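Quick notes on the structure that follows.
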Amino acid sequence: MVRGRALGFDRDAINEYLGNPYQLQGDDGLCPYGHVLAKGNWNVQAMTEKLLILGCTFRCNRVNQPLRAMRDEMKVKVQLVLLFILYNLLPRSHLSDAPMNIAGLLYMVTAGTDVDIARVISNEMKAIACSGVTDLARPKCPLAYPALIMGLIKKVRILIPPLVHEHLGVIDDRHVVRHCKAKQPEQ
């Protein structure tokens, strides 16, 4: 709800807002990435060859199931795509690795497989909305997809004030000492 009106952030609303870049194939409404994600049967060997530097492998749990790939063990071009995904599609503040769902998306994108980005974003927005922010004074992460949310709001013609004023205090030496901590030199 935004200003008392329902706002859809489902797959179809996002896909339409993005200009319908992906047309669903088949009756189940899932893209190839969605099928593999739902089943969880990743082709780890193919993913290792496509994403990781020769000799590197996925980190595994105690029963040898793959959990994540470390970013510094990925090929350079793959790292760039990963950063794009982590900043834009599945926003994360932790950028040093890719859990299997993100590694799978990374694999599909770098392999040139069709991905229903609208569903990926919609599922992420739902997960964020359902996670429940308990401390409203200090959220743990920045707002995900602010431009998309504003675009969806404008599309359904919900009025938003044209100017939002935020007053910033003075950034002086006292502010820097309080909010910025220098790294200790290594000895």
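For the structure tokens, the naming scheme is as follows: chains receive sequential letters (A, B, ...) according to their order of presentation, residues are indexed from 1 within each chain, and ligands are indexed from 1 in presentation order.
The protein and nucleic acid residues lying at most 10 Å from Val109 of chain A are A:Tyr33, A:Val78, A:Val81, A:Leu82, A:Ile85, A:Ala103, A:Gly104, A:Leu105, A:Thr113, A:Asp114, A:Val115, with only C-alpha atoms considered and sequence neighbours fewer than 4 positions away removed.
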All residues 8 Å or closer to segment 1-14 of chain A, only C-alpha atoms, same chain fewer than 6 positions away omitted, as a VMD selection string: chain A and resid 118 to 119 121 to 122 125 152 to 153 156 158
Write the residues of the selection above to a file with C-alpha atoms, as an mmCIF file, in the first residue's frame.
```cif
data_model
loop_
_atom_site.group_PDB
_atom_site.id
_atom_site.type_symbol
_atom_site.label_atom_id
_atom_site.label_comp_id
_atom_site.auth_asym_id
_atom_site.auth_seq_id
_atom_site.Cartn_x
_atom_site.Cartn_y
_atom_site.Cartn_z
ATOM 1 C CA ALA A 118 11.016 -9.516 -13.736
ATOM 2 C CA ARG A 119 10.340 -12.704 -11.741
ATOM 3 C CA ILE A 121 13.180 -8.952 -9.017
ATOM 4 C CA SER A 122 9.595 -9.693 -7.943
ATOM 5 C CA MET A 125 10.990 -7.704 -3.464
ATOM 6 C CA LEU A 152 5.640 1.659 -10.457
ATOM 7 C CA ILE A 153 4.142 4.331 -8.176
ATOM 8 C CA VAL A 156 -0.443 3.830 -11.275
ATOM 9 C CA ILE A 158 -0.164 7.817 -7.044
#
```
Non-local contacts of segment 50-64 of chain A (6 Å; only C-alpha atoms; under 4 positions in same chain excluded) as a PyMOL selection string: chain A and resi 68-69+73-75
Contacts of Leu86 of chain A at 12 Å or less, counting only C-alpha atoms, minus same-chain residues fewer than 5 places along, as a PDB file with N, CA and C atoms, in the first residue's frame?
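Done, and the output landed in selection00.pdb:
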```
ATOM      1  N   ARG A  71      34.187 -14.644  -4.823  1.00  0.00           N
ATOM      2  CA  ARG A  71      34.357 -13.713  -5.941  1.00  0.00           C
ATOM      3  C   ARG A  71      35.805 -13.650  -6.416  1.00  0.00           C
ATOM      4  N   GLN A  79      33.305 -11.756 -12.555  1.00  0.00           N
ATOM      5  CA  GLN A  79      33.238 -10.874 -11.387  1.00  0.00           C
ATOM      6  C   GLN A  79      32.453  -9.605 -11.706  1.00  0.00           C
ATOM      7  N   LEU A  80      32.650  -9.067 -12.908  1.00  0.00           N
ATOM      8  CA  LEU A  80      31.920  -7.856 -13.303  1.00  0.00           C
ATOM      9  C   LEU A  80      30.421  -8.117 -13.385  1.00  0.00           C
ATOM     10  N   VAL A  81      30.044  -9.250 -13.964  1.00  0.00           N
ATOM     11  CA  VAL A  81      28.618  -9.599 -14.043  1.00  0.00           C
ATOM     12  C   VAL A  81      28.070  -9.830 -12.639  1.00  0.00           C
ATOM     13  N   PRO A  91      20.133  -7.084  -4.764  1.00  0.00           N
ATOM     14  CA  PRO A  91      21.009  -6.211  -3.972  1.00  0.00           C
ATOM     15  C   PRO A  91      21.490  -6.857  -2.681  1.00  0.00           C
ATOM     16  N   ARG A  92      22.782  -6.772  -2.487  1.00  0.00           N
ATOM     17  CA  ARG A  92      23.420  -7.308  -1.286  1.00  0.00           C
ATOM     18  C   ARG A  92      24.491  -6.322  -0.834  1.00  0.00           C
ATOM     19  N   SER A  93      24.719  -6.269   0.466  1.00  0.00           N
ATOM     20  CA  SER A  93      25.814  -5.448   0.975  1.00  0.00           C
ATOM     21  C   SER A  93      27.092  -6.271   1.062  1.00  0.00           C
ATOM     22  N   HIS A  94      26.947  -7.578   1.041  1.00  0.00           N
ATOM     23  CA  HIS A  94      28.079  -8.500   1.136  1.00  0.00           C
ATOM     24  C   HIS A  94      28.456  -8.926  -0.286  1.00  0.00           C
ATOM     25  N   LEU A  95      29.630  -8.513  -0.758  1.00  0.00           N
ATOM     26  CA  LEU A  95      30.000  -8.701  -2.159  1.00  0.00           C
ATOM     27  C   LEU A  95      31.122  -9.700  -2.385  1.00  0.00           C
ATOM     28  N   SER A  96      31.567 -10.402  -1.361  1.00  0.00           N
ATOM     29  CA  SER A  96      32.755 -11.241  -1.519  1.00  0.00           C
ATOM     30  C   SER A  96      32.467 -12.641  -2.038  1.00  0.00           C
ATOM     31  N   ASP A  97      31.196 -13.044  -2.081  1.00  0.00           N
ATOM     32  CA  ASP A  97      30.894 -14.383  -2.577  1.00  0.00           C
ATOM     33  C   ASP A  97      29.517 -14.414  -3.225  1.00  0.00           C
ATOM     34  N   ALA A  98      29.213 -15.553  -3.836  1.00  0.00           N
ATOM     35  CA  ALA A  98      27.914 -15.753  -4.478  1.00  0.00           C
ATOM     36  C   ALA A  98      27.338 -17.069  -3.989  1.00  0.00           C
ATOM     37  N   PRO A  99      26.259 -17.028  -3.182  1.00  0.00           N
ATOM     38  CA  PRO A  99      25.599 -18.276  -2.808  1.00  0.00           C
ATOM     39  C   PRO A  99      25.040 -18.973  -4.046  1.00  0.00           C
ATOM     40  N   ASN A 101      22.135 -19.738  -5.316  1.00  0.00           N
ATOM     41  CA  ASN A 101      21.090 -19.131  -6.138  1.00  0.00           C
ATOM     42  C   ASN A 101      21.650 -18.008  -7.001  1.00  0.00           C
ATOM     43  N   ILE A 102      22.566 -17.217  -6.459  1.00  0.00           N
ATOM     44  CA  ILE A 102      23.167 -16.130  -7.232  1.00  0.00           C
ATOM     45  C   ILE A 102      24.198 -16.688  -8.206  1.00  0.00           C
ATOM     46  N   ALA A 103      24.964 -17.684  -7.799  1.00  0.00           N
ATOM     47  CA  ALA A 103      25.919 -18.319  -8.715  1.00  0.00           C
ATOM     48  C   ALA A 103      25.180 -18.954  -9.886  1.00  0.00           C
ATOM     49  N   LEU A 105      22.264 -17.921 -11.133  1.00  0.00           N
ATOM     50  CA  LEU A 105      21.856 -16.807 -11.994  1.00  0.00           C
ATOM     51  C   LEU A 105      23.048 -16.303 -12.794  1.00  0.00           C
ATOM     52  N   LEU A 106      24.180 -16.176 -12.145  1.00  0.00           N
ATOM     53  CA  LEU A 106      25.411 -15.745 -12.803  1.00  0.00           C
ATOM     54  C   LEU A 106      25.779 -16.692 -13.935  1.00  0.00           C
ATOM     55  N   ILE A 121      13.356 -10.175  -9.804  1.00  0.00           N
ATOM     56  CA  ILE A 121      13.180  -8.952  -9.017  1.00  0.00           C
ATOM     57  C   ILE A 121      11.932  -9.057  -8.142  1.00  0.00           C
ATOM     58  N   GLU A 124      12.563 -11.221  -5.177  1.00  0.00           N
ATOM     59  CA  GLU A 124      13.434 -10.539  -4.221  1.00  0.00           C
ATOM     60  C   GLU A 124      12.655  -9.476  -3.448  1.00  0.00           C
ATOM     61  N   ALA A 144      15.955  -1.376  -1.513  1.00  0.00           N
ATOM     62  CA  ALA A 144      16.262  -2.024  -2.792  1.00  0.00           C
ATOM     63  C   ALA A 144      15.309  -1.510  -3.863  1.00  0.00           C
ATOM     64  N   TYR A 145      15.799  -1.346  -5.062  1.00  0.00           N
ATOM     65  CA  TYR A 145      15.013  -0.961  -6.240  1.00  0.00           C
ATOM     66  C   TYR A 145      14.269   0.368  -6.077  1.00  0.00           C
TER      67      TYR A 145
END
```
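Scanning segment 30-138 of chain A with DSSP on the backbone, the strand (DSSP E) assignments fall on Arg59, Cys60, Pro66, Leu67, Arg68, Ala69, Met70, Asp97, Ala98 and Pro99 of chain A.
Remark: for Leu148 of chain A, the closest of the candidate residues A:Asn41, A:Asn88, A:Thr110, A:Asn123 is A:Asn88 (distances computed over only C-alpha atoms).
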